[in-house]
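J.: Please find entry.tsv (TSV, C-alpha atoms) on the next line:
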chain	number	residue	atom	x	y	z
A	1	MET	CA	127.45	-128.82	144.39
A	2	LYS	CA	127.85	-125.05	144.45
A	3	ILE	CA	124.56	-123.17	144.57
A	4	ASN	CA	124.19	-120.14	142.35
A	5	LYS	CA	122.64	-117.69	144.84
A	6	LYS	CA	121.87	-115.15	142.12
A	7	LEU	CA	119.96	-117.75	140.11
A	8	VAL	CA	118.02	-118.84	143.19
A	9	ALA	CA	117.07	-115.25	143.96
A	10	ILE	CA	115.87	-114.61	140.40
A	11	THR	CA	113.92	-117.87	140.42
A	12	ALA	CA	112.28	-116.94	143.72
A	13	LEU	CA	111.31	-113.52	142.40
A	14	LEU	CA	109.83	-115.06	139.25
A	15	PHE	CA	107.88	-117.53	141.38
A	16	VAL	CA	106.45	-114.73	143.53
A	17	PHE	CA	105.57	-112.72	140.42
A	18	ILE	CA	103.79	-115.70	138.82
A	19	ILE	CA	101.78	-116.30	142.00
A	20	PHE	CA	100.85	-112.61	142.16
A	21	LEU	CA	99.87	-112.55	138.48
A	22	SER	CA	97.77	-115.70	138.80
A	23	GLN	CA	95.91	-114.19	141.71
A	24	CYS	CA	95.18	-111.06	139.70
A	25	ILE	CA	93.90	-113.12	136.78
A	26	ASN	CA	91.76	-115.32	138.97
A	27	THR	CA	90.38	-112.51	141.12
A	28	PRO	CA	86.79	-111.95	140.02
A	29	ALA	CA	85.73	-108.45	139.08
A	30	LYS	CA	84.11	-106.53	141.90
A	31	PRO	CA	80.37	-107.04	141.53
A	32	ASP	CA	78.34	-103.98	140.64
A	33	PRO	CA	76.39	-102.94	143.75
A	34	ARG	CA	73.42	-102.16	141.50
A	35	GLY	CA	73.18	-105.81	140.42
A	36	THR	CA	74.25	-108.09	137.59
A	37	ALA	CA	72.01	-106.31	135.09
A	38	PHE	CA	74.44	-103.37	135.06
A	39	ALA	CA	77.59	-103.17	132.94
A	40	PRO	CA	80.86	-101.44	133.87
A	41	GLU	CA	80.24	-97.80	133.02
A	42	ALA	CA	83.36	-97.54	130.83
A	43	SER	CA	82.06	-100.31	128.56
A	44	CYS	CA	79.77	-97.73	126.93
A	45	ARG	CA	82.83	-95.99	125.50
A	46	GLN	CA	83.62	-98.90	123.18
A	47	CYS	CA	80.85	-97.83	120.81
A	48	HIS	CA	79.93	-94.34	122.01
A	49	GLN	CA	83.29	-92.69	122.57
A	50	ALA	CA	82.39	-89.06	121.78
A	51	VAL	CA	79.14	-89.12	123.74
A	52	TYR	CA	80.76	-90.94	126.65
A	53	ASP	CA	83.71	-88.53	126.87
A	54	SER	CA	81.35	-85.55	126.77
A	55	ALA	CA	79.13	-87.02	129.50
A	56	MET	CA	82.12	-87.77	131.73
A	57	ALA	CA	83.00	-84.06	131.69
A	58	SER	CA	79.47	-82.87	132.41
A	59	ALA	CA	77.78	-81.54	135.53
A	60	HIS	CA	75.69	-84.72	135.59
A	61	PHE	CA	78.79	-86.85	136.01
A	62	PHE	CA	80.11	-84.54	138.74
A	63	ALA	CA	76.80	-84.42	140.61
A	64	SER	CA	78.77	-86.33	143.23
A	65	ALA	CA	82.28	-87.66	143.63
A	66	ASN	CA	84.61	-89.01	146.26
A	67	ALA	CA	86.45	-85.97	147.60
A	68	THR	CA	90.04	-85.60	146.40
A	69	ALA	CA	92.48	-82.71	146.23
A	70	THR	CA	91.68	-82.35	142.51
A	71	ASN	CA	87.89	-82.15	142.70
A	72	VAL	CA	87.22	-80.21	145.91
A	73	LEU	CA	86.54	-76.60	144.97
A	74	GLY	CA	87.72	-73.63	147.00
A	75	ASN	CA	90.90	-72.03	148.26
A	76	PHE	CA	92.77	-73.82	151.06
A	77	ASN	CA	95.55	-71.26	151.31
A	78	ALA	CA	95.99	-69.18	154.47
A	79	GLY	CA	94.01	-65.97	154.33
A	80	HIS	CA	91.39	-67.46	152.01
A	81	ASN	CA	90.36	-70.62	153.85
A	82	SER	CA	88.48	-69.46	156.95
A	83	PHE	CA	84.85	-68.80	157.76
A	84	ILE	CA	84.55	-66.49	160.77
A	85	TYR	CA	81.51	-66.96	163.03
A	86	ASP	CA	82.53	-64.62	165.85
A	87	SER	CA	85.64	-63.31	167.55
A	88	ILE	CA	86.56	-66.72	168.98
A	89	THR	CA	84.92	-69.14	166.52
A	90	ARG	CA	85.97	-70.05	162.99
A	91	VAL	CA	85.97	-73.01	160.60
A	92	VAL	CA	89.18	-73.43	158.63
A	93	MET	CA	89.59	-75.46	155.46
A	94	GLU	CA	92.85	-77.37	155.88
A	95	LYS	CA	95.03	-79.78	153.93
A	96	ARG	CA	96.31	-82.59	156.11
A	97	ASP	CA	98.22	-85.77	155.37
A	98	SER	CA	95.01	-87.82	155.60
A	99	GLY	CA	92.95	-85.53	153.36
A	100	LEU	CA	91.09	-82.22	153.27
A	101	TYR	CA	89.29	-81.09	156.42
A	102	GLN	CA	86.96	-78.50	157.85
A	103	VAL	CA	88.30	-77.75	161.34
A	104	LEU	CA	86.38	-75.91	164.04
A	105	TYR	CA	88.51	-73.62	166.19
A	106	LYS	CA	87.42	-72.09	169.50
A	107	ASN	CA	89.87	-69.60	171.00
A	108	ASN	CA	92.48	-70.90	168.54
A	109	GLN	CA	92.03	-74.47	169.80
A	110	ALA	CA	90.85	-77.12	167.33
A	111	THR	CA	87.72	-78.70	168.83
A	112	GLU	CA	86.41	-80.70	165.87
A	113	ALA	CA	87.82	-81.80	162.53
A	114	ARG	CA	85.80	-83.49	159.81
A	115	ARG	CA	87.19	-84.69	156.51
A	116	PHE	CA	85.80	-83.92	153.06
A	117	ASP	CA	84.64	-87.43	152.04
A	118	ILE	CA	82.03	-86.82	149.32
A	119	VAL	CA	81.32	-83.72	147.23
A	120	PHE	CA	77.96	-82.78	145.70
A	121	GLY	CA	77.94	-80.44	142.71
A	122	SER	CA	80.55	-78.63	140.67
A	123	ARG	CA	78.97	-76.16	138.26
A	124	HIS	CA	77.30	-73.51	140.45
A	125	ALA	CA	78.36	-74.54	143.92
A	126	GLN	CA	79.73	-77.45	145.86
A	127	THR	CA	78.76	-78.79	149.26
A	128	SER	CA	80.53	-81.65	150.98
A	129	LEU	CA	79.73	-84.59	153.21
A	130	TYR	CA	81.66	-86.62	155.74
A	131	TRP	CA	81.16	-90.10	157.10
A	132	ILE	CA	80.62	-91.05	160.72
A	133	ASN	CA	80.59	-94.83	160.62
A	134	ASP	CA	77.93	-95.54	157.94
A	135	VAL	CA	76.07	-92.23	158.08
A	136	THR	CA	76.77	-89.07	156.07
A	137	TYR	CA	76.60	-85.52	157.41
A	138	GLU	CA	76.96	-82.19	155.62
A	139	LEU	CA	79.90	-79.95	156.38
A	140	PRO	CA	78.91	-76.44	157.55
A	141	VAL	CA	80.81	-74.50	154.88
A	142	SER	CA	80.30	-74.79	151.10
A	143	PHE	CA	81.93	-73.17	148.07
A	144	TYR	CA	79.98	-70.87	145.72
A	145	ARG	CA	81.29	-70.12	142.24
A	146	SER	CA	79.18	-66.95	141.89
A	147	VAL	CA	81.33	-65.26	144.55
A	148	GLN	CA	84.38	-67.53	144.27
A	149	ASN	CA	84.32	-67.90	148.03
A	150	TRP	CA	83.30	-70.02	150.97
A	151	GLY	CA	79.86	-69.51	152.47
A	152	THR	CA	77.46	-71.23	154.81
A	153	SER	CA	76.07	-74.48	153.48
A	154	PRO	CA	72.41	-74.03	152.44
A	155	GLY	CA	70.24	-73.48	155.50
A	156	PHE	CA	73.18	-73.32	157.91
A	157	SER	CA	73.63	-70.50	160.39
A	158	ALA	CA	76.41	-67.95	160.07
A	159	ALA	CA	76.32	-67.48	163.83
A	160	VAL	CA	76.83	-71.03	165.09
A	161	PRO	CA	78.69	-73.80	163.21
A	162	ARG	CA	77.07	-77.20	163.18
A	163	PHE	CA	78.33	-80.58	162.01
A	164	ASN	CA	75.19	-82.63	162.65
A	165	ARG	CA	73.01	-82.22	159.55
A	166	LEU	CA	72.14	-85.73	158.45
A	167	ILE	CA	72.16	-86.39	154.70
A	168	GLY	CA	69.79	-89.17	153.72
A	169	MET	CA	68.73	-91.20	150.72
A	170	ASP	CA	66.74	-88.43	149.00
A	171	CYS	CA	69.90	-86.42	148.33
A	172	PHE	CA	71.82	-89.39	146.95
A	173	GLU	CA	68.97	-90.39	144.65
A	174	CYS	CA	69.48	-87.24	142.57
A	175	HIS	CA	73.22	-86.79	143.10
A	176	SER	CA	74.54	-90.31	142.48
A	177	ASN	CA	74.11	-93.41	140.41
A	178	TYR	CA	73.36	-95.55	143.43
A	179	ILE	CA	73.72	-96.19	147.13
A	180	SER	CA	71.91	-98.65	149.37
A	181	HIS	CA	70.91	-98.60	152.98
A	182	LYS	CA	72.83	-100.88	155.26
A	183	LYS	CA	70.67	-103.89	155.97
A	184	GLN	CA	70.58	-104.93	159.60
A	185	ASP	CA	68.33	-107.96	159.26
A	186	VAL	CA	69.37	-110.25	156.40
A	187	ALA	CA	66.36	-112.54	156.91
A	188	THR	CA	63.71	-109.85	156.53
A	189	GLY	CA	65.61	-107.12	154.72
A	190	ASN	CA	64.29	-104.61	157.24
A	191	TYR	CA	66.43	-101.64	158.17
A	192	PHE	CA	67.27	-101.03	161.78
A	193	ALA	CA	65.69	-97.66	162.50
A	194	ALA	CA	65.99	-96.98	166.20
A	195	ASN	CA	66.70	-93.33	165.33
A	196	ALA	CA	67.05	-91.07	162.30
A	197	ALA	CA	70.77	-91.72	161.88
A	198	ALA	CA	70.37	-95.49	162.03
A	199	ALA	CA	67.56	-95.31	159.46
A	200	GLU	CA	69.95	-93.60	157.04
A	201	ALA	CA	72.94	-95.89	157.59
A	202	PHE	CA	74.44	-96.78	154.21
A	203	ASP	CA	76.55	-99.57	152.81
A	204	LYS	CA	79.62	-97.48	151.98
A	205	ASN	CA	80.80	-99.94	149.34
A	206	SER	CA	77.54	-99.58	147.43
A	207	LEU	CA	78.06	-95.91	146.52
A	208	VAL	CA	78.40	-95.30	142.77
A	209	THR	CA	79.10	-91.59	142.41
A	210	GLY	CA	77.92	-89.22	139.69
A	211	ILE	CA	75.12	-89.59	137.18
A	212	GLY	CA	76.31	-92.05	134.55
A	213	CYS	CA	74.98	-93.58	131.35
A	214	GLN	CA	72.87	-96.30	132.93
A	215	ARG	CA	71.12	-93.94	135.32
A	216	CYS	CA	69.23	-92.56	132.31
A	217	HIS	CA	69.50	-95.37	129.77
A	218	GLY	CA	68.84	-98.29	132.09
A	219	PRO	CA	70.89	-101.41	132.92
A	220	ALA	CA	73.17	-102.27	130.02
A	221	ALA	CA	74.84	-105.63	130.74
A	222	LYS	CA	72.77	-107.53	128.14
A	223	HIS	CA	73.12	-104.67	125.67
A	224	VAL	CA	76.92	-104.63	125.97
A	225	ALA	CA	77.24	-108.42	125.80
A	226	PHE	CA	75.03	-108.62	122.70
A	227	HIS	CA	76.90	-105.94	120.75
A	228	GLU	CA	80.30	-107.29	121.72
A	229	GLU	CA	79.22	-110.63	120.23
A	230	ASN	CA	77.47	-108.97	117.26
A	231	PRO	CA	79.56	-105.93	116.32
A	232	GLY	CA	77.80	-105.60	112.98
A	233	LYS	CA	74.40	-105.03	114.56
A	234	LYS	CA	73.63	-101.32	114.71
A	235	THR	CA	70.11	-101.41	116.12
A	236	PRO	CA	70.43	-101.09	119.91
A	237	ALA	CA	69.40	-104.31	121.62
A	238	PHE	CA	68.25	-104.76	125.22
A	239	LEU	CA	67.93	-101.01	125.81
A	240	VAL	CA	65.02	-98.65	125.39
A	241	SER	CA	65.85	-95.85	122.99
A	242	SER	CA	64.59	-92.43	124.06
A	243	LYS	CA	63.45	-91.90	120.48
A	244	THR	CA	60.83	-94.61	120.92
A	245	LEU	CA	59.34	-93.01	124.05
A	246	ASN	CA	56.37	-90.70	124.00
A	247	ARG	CA	56.68	-87.08	125.09
A	248	GLN	CA	55.63	-87.64	128.68
A	249	GLN	CA	58.01	-90.56	129.10
A	250	GLN	CA	60.87	-88.47	127.75
A	251	LEU	CA	60.01	-85.60	130.10
A	252	ASP	CA	59.72	-87.92	133.07
A	253	GLN	CA	63.23	-89.26	132.46
A	254	CYS	CA	64.49	-85.80	133.45
A	255	ALA	CA	61.69	-84.90	135.84
A	256	VAL	CA	62.47	-87.79	138.16
A	257	CYS	CA	65.21	-85.51	139.53
A	258	HIS	CA	64.26	-82.12	138.09
A	259	SER	CA	60.74	-81.74	139.50
A	260	GLY	CA	61.57	-80.81	143.07
A	261	ASN	CA	62.04	-82.81	146.21
A	262	ASP	CA	58.80	-82.03	148.03
A	263	GLN	CA	56.64	-84.84	146.71
A	264	ARG	CA	55.94	-87.94	148.72
A	265	LYS	CA	57.76	-90.93	147.24
A	266	ILE	CA	56.17	-94.27	146.48
A	267	GLN	CA	59.46	-95.94	145.58
A	268	SER	CA	63.10	-94.99	145.17
A	269	ARG	CA	64.23	-92.95	142.17
A	270	PHE	CA	67.00	-95.51	141.75
A	271	MET	CA	64.35	-97.90	140.44
A	272	PHE	CA	63.37	-95.56	137.58
A	273	ARG	CA	63.89	-97.01	134.10
A	274	PRO	CA	63.39	-95.49	130.62
A	275	GLY	CA	59.69	-95.66	129.81
A	276	ASP	CA	58.58	-95.30	133.43
A	277	VAL	CA	56.34	-92.40	134.44
A	278	LEU	CA	56.50	-90.25	137.54
A	279	ALA	CA	53.06	-91.41	138.65
A	280	ASN	CA	54.69	-94.72	139.60
A	281	TYR	CA	57.18	-92.98	141.90
A	282	PHE	CA	55.39	-90.08	143.58
A	283	LEU	CA	51.98	-89.26	144.93
A	284	PRO	CA	50.19	-86.55	142.90
A	285	ALA	CA	51.73	-83.12	143.40
A	286	VAL	CA	49.71	-80.18	144.60
A	287	VAL	CA	48.88	-77.96	141.62
A	288	ALA	CA	50.61	-74.61	141.96
A	289	ASP	CA	48.64	-71.40	141.43
A	290	SER	CA	51.70	-69.40	140.46
A	291	ALA	CA	55.23	-69.88	139.29
A	292	ASN	CA	56.48	-68.63	142.63
A	293	GLN	CA	55.48	-71.91	144.22
A	294	PHE	CA	58.10	-73.76	142.18
A	295	ASP	CA	61.68	-72.93	143.01
A	296	VAL	CA	64.28	-72.33	140.33
A	297	HIS	CA	66.51	-74.85	142.08
A	298	GLY	CA	65.65	-78.41	141.15
A	299	ASN	CA	62.13	-77.78	139.82
A	300	GLN	CA	62.83	-76.97	136.20
A	301	PHE	CA	60.17	-79.41	134.96
A	302	ASN	CA	57.20	-77.85	136.76
A	303	LEU	CA	58.31	-74.37	135.73
A	304	LEU	CA	58.56	-75.50	132.11
A	305	LYS	CA	55.04	-76.95	132.30
A	306	GLN	CA	53.69	-73.46	133.08
A	307	SER	CA	55.18	-72.03	129.89
A	308	ALA	CA	52.96	-71.06	126.98
A	309	CYS	CA	55.55	-72.53	124.61
A	310	PHE	CA	55.21	-75.88	126.34
A	311	LEU	CA	51.42	-75.79	126.61
A	312	GLN	CA	50.79	-74.75	123.03
A	313	THR	CA	53.00	-77.33	121.35
A	314	SER	CA	53.22	-81.08	121.60
A	315	SER	CA	56.88	-81.51	120.79
A	316	ILE	CA	58.89	-79.58	123.40
A	317	THR	CA	60.86	-81.77	125.80
A	318	CYS	CA	63.96	-81.07	127.89
A	319	SER	CA	66.21	-82.31	125.09
A	320	THR	CA	64.70	-79.74	122.70
A	321	CYS	CA	67.16	-77.31	124.25
A	322	HIS	CA	69.53	-79.44	126.31
A	323	ASP	CA	71.99	-82.14	125.37
A	324	PRO	CA	71.89	-84.47	128.41
A	325	HIS	CA	75.42	-85.63	127.58
A	326	GLY	CA	76.87	-82.14	127.89
A	327	ASN	CA	76.74	-79.08	130.07
A	328	ALA	CA	73.91	-76.56	130.02
A	329	ASN	CA	76.12	-73.47	130.34
A	330	LEU	CA	76.11	-72.65	126.65
A	331	PRO	CA	76.00	-69.04	125.40
A	332	VAL	CA	72.51	-67.52	125.40
A	333	ALA	CA	72.83	-67.02	121.63
A	334	VAL	CA	72.87	-70.82	121.19
A	335	TYR	CA	69.62	-71.23	123.10
A	336	SER	CA	68.10	-68.18	121.41
A	337	GLN	CA	68.57	-69.84	118.03
A	338	LYS	CA	66.43	-72.71	119.27
A	339	CYS	CA	63.69	-70.18	120.02
A	340	MET	CA	63.99	-68.89	116.47
A	341	GLY	CA	62.69	-72.24	115.23
A	342	CYS	CA	59.20	-71.00	116.15
A	343	HIS	CA	59.66	-67.27	116.83
A	344	SER	CA	61.45	-66.00	113.75
A	345	PRO	CA	60.90	-62.38	112.64
A	346	THR	CA	58.80	-63.63	109.73
A	347	ALA	CA	56.58	-65.93	111.80
A	348	GLY	CA	54.28	-63.23	113.15
A	349	ASN	CA	55.01	-64.09	116.79
A	350	PHE	CA	58.36	-62.39	117.20
A	351	CYS	CA	59.28	-60.16	120.15
A	352	THR	CA	58.16	-56.53	119.78
A	353	VAL	CA	60.67	-55.01	122.21
A	354	ASN	CA	63.08	-52.59	120.56
A	355	PRO	CA	66.62	-53.92	120.92
A	356	ALA	CA	69.45	-51.85	122.25
A	357	ALA	CA	71.68	-50.22	119.67
A	358	GLY	CA	74.05	-52.66	118.04
A	359	THR	CA	72.23	-55.78	119.28
A	360	ARG	CA	69.82	-58.29	117.77
A	361	LEU	CA	66.88	-59.78	119.65
A	362	GLN	CA	67.63	-63.08	117.92
A	363	ASP	CA	70.88	-63.29	119.85
A	364	ASN	CA	69.33	-63.12	123.30
A	365	CYS	CA	65.72	-64.08	123.92
A	366	ILE	CA	66.77	-65.85	127.08
A	367	ASP	CA	67.58	-63.06	129.55
A	368	CYS	CA	64.13	-61.49	129.07
A	369	HIS	CA	61.97	-64.58	128.75
A	370	MET	CA	63.89	-66.94	131.06
A	371	PRO	CA	65.56	-64.55	133.53
A	372	LYS	CA	67.89	-65.56	136.29
A	373	GLU	CA	66.13	-65.57	139.65
A	374	ALA	CA	67.04	-66.06	143.28
A	375	SER	CA	66.24	-69.44	144.76
A	376	ALA	CA	63.88	-69.35	147.70
A	377	ALA	CA	65.15	-72.77	148.76
A	378	ILE	CA	68.86	-71.99	148.85
A	379	SER	CA	70.62	-68.94	150.22
A	380	PHE	CA	73.93	-68.53	152.01
A	381	GLN	CA	75.98	-66.07	153.99
A	382	LEU	CA	79.57	-65.05	153.57
A	383	SER	CA	82.04	-64.83	156.41
A	384	GLY	CA	81.49	-61.68	158.46
A	385	ASN	CA	78.34	-60.73	156.54
A	386	ALA	CA	74.91	-61.09	158.17
A	387	VAL	CA	73.07	-60.54	154.86
A	388	ASN	CA	71.85	-63.56	152.92
A	389	SER	CA	73.40	-64.00	149.49
A	390	SER	CA	71.08	-65.37	146.84
A	391	TYR	CA	71.67	-68.54	144.90
A	392	ILE	CA	70.86	-67.43	141.36
A	393	LEU	CA	69.60	-69.82	138.70
A	394	ARG	CA	67.79	-69.39	135.40
A	395	SER	CA	64.04	-69.85	135.49
A	396	HIS	CA	62.59	-72.50	133.20
A	397	ARG	CA	59.20	-70.81	133.04
A	398	ILE	CA	59.32	-69.30	129.56
A	399	GLY	CA	57.14	-66.22	129.62
A	400	ILE	CA	56.82	-62.46	129.47
A	401	TYR	CA	58.53	-60.79	132.42
A	402	ARG	CA	57.58	-57.12	132.32
A	403	ALA	CA	60.28	-56.06	134.76
A	404	GLU	CA	62.99	-57.71	132.65
A	405	ALA	CA	61.68	-56.16	129.44
A	406	ALA	CA	61.72	-52.73	131.09
A	407	LYS	CA	65.44	-53.05	131.70
A	408	LYS	CA	66.18	-53.36	128.00
Written as structure tokens, how would this file's structure read?

T.:
Amino acid sequence: MKINKKLVAITALLFVFIIFLSQCINTPAKPDPRGTAFAPEASCRQCHQAVYDSAMASAHFFASANATATNVLGNFNAGHNSFIYDSITRVVMEKRDSGLYQVLYKNNQATEARRFDIVFGSRHAQTSLYWINDVTYELPVSFYRSVQNWGTSPGFSAAVPRFNRLIGMDCFECHSNYISHKKQDVATGNYFAANAAAAEAFDKNSLVTGIGCQRCHGPAAKHVAFHEENPGKKTPAFLVSSKTLNRQQQLDQCAVCHSGNDQRKIQSRFMFRPGDVLANYFLPAVVADSANQFDVHGNQFNLLKQSACFLQTSSITCSTCHDPHGNANLPVAVYSQKCMGCHSPTAGNFCTVNPAAGTRLQDNCIDCHMPKEASAAISFQLSGNAVNSSYILRSHRIGIYRAEAAKK
């Protein structure tokens, strides 16, 4: 009997395809490293498309990401991609076949090359990390949008490049959805901590980048399952609505990451759930005598608490002015209109400063009463410049700044 070779080949290909397809169907979904209580992040979009899409484009979502050619900021072209330390030392940002790198050159010889593996930040600046085994280290050069240029990573020297700054759990707790330490002893769950690097060894596969829905709203697996089975039910089930929380609980949802990083932790921020309070996560903070003791970077909550507006009302929370699902870089006129809710010209508590010709105070309360200030915690230097450049952020202490008013 003559064998039809073409038919045999087609049959073999179909057989291979069926085997491949069956394996795909039977392959279980990768478990969420945060646990079975969490739903796939994209499942939120089924019912909350507009909010989800907005959040996925926000600075919260890009608080961290795996480094790719599309999300690493900065110029990698020759002439714009070097940081000069001295006449023989420079770090060059390079594109290579295996990724993006910061390469240390001494006398034109490459002596160290570290890949961009993880990026932190996108709105004001971006710093980057690289892996050595299971430990992350910060690259010595970061990108700053204010100058559209490369500068020293915060706290790094502009005289000597270093690639050994360890990045530990505290940074990931406010820049990512989740990461876990690498357990060395399965029986006890203890971490092997023979040295600082070993104590901060991570399970790489556990990293969930960005700040997503469930970081603020809590685990959603039961919520998603219930509403998929009961599409007609509109009352949210198995989730705590922020609207049901008291003022302090609402504030603490934001303050868990926006109240500084100098308090002693009781437990990980990753454990925070809607309705929790900061007292369960940190030892009591030292009361500041002046606003200067709270930095404009990362301590928006404690600055806000010093504001007369905050102290004299019982309704102001972070979401009074900010949509947590969007970006905060709205025009000052938008925020000024929120101020007008209490400080309208007819309310008797309106600003008495005479506006410049052709302007209205109602369009910009913000620059006077919440001025941009230099961070004392973060500064950087540009290549070939020994002077520190300031990292400028808007203060969240709403008040009367005489120096700012004098400029108007």

J.: Excluding same-chain residues fewer than 6 positions from range 144-150 of chain A, what lies within 10 Å of it counting all atoms listed in the file, as a VMD selection string?

T.: chain A and resid 73 to 75 80 to 83 93 122 to 127 380 to 383 389 to 392

J.: Counting only C-alpha atoms, which of A:Val160, A:Val353, A:Ala225, A:Leu283 gets nearest to Asp86 in chain A?

T.: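 Of A:Val160, A:Val353, A:Ala225, A:Leu283, the one nearest Asp86 in chain A, counting only C-alpha atoms, is A:Val160.
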
J.: Pick out the closest residue to Ala201 in chain A from this set: A:Met169, A:Leu311, A:Ala221, A:Cys213. Count all atoms listed in the file.

T.: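 With all atoms listed in the file as the atom set, the closest residue is A:Met169.
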
J.: Within 10 Å of Lys305 in chain A, counting all atoms listed in the file, which residues show up once you throw out same-chain ones fewer than 2 positions away? Write them as a PyMOL selection string, please.

T.: chain A and resi 291+300-303+307-311+317+396-398

J.: Could you state the separation of CA of Ile400 in chain A and CA of His369 in chain A in Å, given to one decimal place?

T.: 5.6 Å

J.: May I have the protein, DNA and RNA residues with any atom at most 10 Å from the point (87.2, -82.9, 143.9), counting only C-alpha atoms, written as a list in words?

T.: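 Result, sorted by chain then residue number: Phe62, Ser64, Ala65, Asn66, Ala67, Thr68, Ala69, Thr70, Asn71, Val72, Leu73, Gly74, Phe116, Asp117, Ile118, Val119, Phe120, Gly121, Ser122, Gln126 and Ser128 of chain A.
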
J.: In Å, with one decimal, what is the gap from CA of Gly326 in chain A to CA of Asn177 in chain A?

T.: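 Here the two named atoms are 17.1 Å from each other.
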
J.: My list of candidates is A:Lys233, A:Arg273, A:Lys204, A:Arg165. Which is closest to Lys182 in chain A when distances are computed with all atoms listed in the file?

T.: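 Closest residue, counting all atoms listed in the file: A:Lys204.
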
J.: Under the rule that all atoms listed in the file are counted, which of A:Cys47, A:Ala59, A:Ala376, A:Leu330 is the nearest residue to Val296 in chain A?

T.: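 For Val296 in chain A, the nearest of the candidates is A:Ala376.
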
J.: Between CA of Ala255 in chain A and CA of His325 in chain A, what is the spacing in Å?

T.: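 So the two atoms, CA of His325 in chain A and CA of Ala255 in chain A, lie 16.0 Å apart.
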
J.: Given all atoms listed in the file as the basis, pick out the residue of A:Tyr178, A:Phe76, A:Phe202, A:Trp131 nearest to Val91 in chain A.

T.: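 Counting all atoms listed in the file, the residue closest to Val91 in chain A is A:Phe76.
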
J.: What would the list of residues within 10 Å of (74.4, -87.0, 136.6) (file frame) look like as a ChimeraX atom specification, if only C-alpha atoms are what count?

T.: /A:55-56,58-64,121,174-177,209-213,215-216,257,324-325

J.: Using C-alpha atoms, can you export the residues from the last selection as a PDB file, in the coordinates of the input?

T.:
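Writing done, so here's part18.pdb:
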ATOM      1  CA  ALA A  55      79.130 -87.020 129.500  1.00  0.00           C
ATOM      2  CA  MET A  56      82.120 -87.770 131.730  1.00  0.00           C
ATOM      3  CA  SER A  58      79.470 -82.870 132.410  1.00  0.00           C
ATOM      4  CA  ALA A  59      77.780 -81.540 135.530  1.00  0.00           C
ATOM      5  CA  HIS A  60      75.690 -84.720 135.590  1.00  0.00           C
ATOM      6  CA  PHE A  61      78.790 -86.850 136.010  1.00  0.00           C
ATOM      7  CA  PHE A  62      80.110 -84.540 138.740  1.00  0.00           C
ATOM      8  CA  ALA A  63      76.800 -84.420 140.610  1.00  0.00           C
ATOM      9  CA  SER A  64      78.770 -86.330 143.230  1.00  0.00           C
ATOM     10  CA  GLY A 121      77.940 -80.440 142.710  1.00  0.00           C
ATOM     11  CA  CYS A 174      69.480 -87.240 142.570  1.00  0.00           C
ATOM     12  CA  HIS A 175      73.220 -86.790 143.100  1.00  0.00           C
ATOM     13  CA  SER A 176      74.540 -90.310 142.480  1.00  0.00           C
ATOM     14  CA  ASN A 177      74.110 -93.410 140.410  1.00  0.00           C
ATOM     15  CA  THR A 209      79.100 -91.590 142.410  1.00  0.00           C
ATOM     16  CA  GLY A 210      77.920 -89.220 139.690  1.00  0.00           C
ATOM     17  CA  ILE A 211      75.120 -89.590 137.180  1.00  0.00           C
ATOM     18  CA  GLY A 212      76.310 -92.050 134.550  1.00  0.00           C
ATOM     19  CA  CYS A 213      74.980 -93.580 131.350  1.00  0.00           C
ATOM     20  CA  ARG A 215      71.120 -93.940 135.320  1.00  0.00           C
ATOM     21  CA  CYS A 216      69.230 -92.560 132.310  1.00  0.00           C
ATOM     22  CA  CYS A 257      65.210 -85.510 139.530  1.00  0.00           C
ATOM     23  CA  PRO A 324      71.890 -84.470 128.410  1.00  0.00           C
ATOM     24  CA  HIS A 325      75.420 -85.630 127.580  1.00  0.00           C
TER      25      HIS A 325
END

J.: So that I can check the surroundings of Val135 in chain A, please list as an mmCIF file with C-alpha atoms, keeping the file's coordinate frame every protein, DNA and RNA residue that reaches within 8 Å of it, counting only C-alpha atoms and ignoring chain neighbours fewer than 2 positions away.

T.:
data_model
loop_
_atom_site.group_PDB
_atom_site.id
_atom_site.type_symbol
_atom_site.label_atom_id
_atom_site.label_comp_id
_atom_site.auth_asym_id
_atom_site.auth_seq_id
_atom_site.Cartn_x
_atom_site.Cartn_y
_atom_site.Cartn_z
ATOM 1 C CA TRP A 131 81.160 -90.100 157.100
ATOM 2 C CA ILE A 132 80.620 -91.050 160.720
ATOM 3 C CA ASN A 133 80.590 -94.830 160.620
ATOM 4 C CA TYR A 137 76.600 -85.520 157.410
ATOM 5 C CA LEU A 166 72.140 -85.730 158.450
ATOM 6 C CA ILE A 167 72.160 -86.390 154.700
ATOM 7 C CA ALA A 197 70.770 -91.720 161.880
ATOM 8 C CA ALA A 198 70.370 -95.490 162.030
ATOM 9 C CA GLU A 200 69.950 -93.600 157.040
ATOM 10 C CA ALA A 201 72.940 -95.890 157.590
ATOM 11 C CA PHE A 202 74.440 -96.780 154.210
#

J.: With only C-alpha atoms as the atoms that count, which of A:Ile366, A:Ala159, A:Asp323, A:Cys318 lies nearest to Val51 in chain A?

T.: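 Closest to Val51 in chain A of all the choices is A:Asp323.
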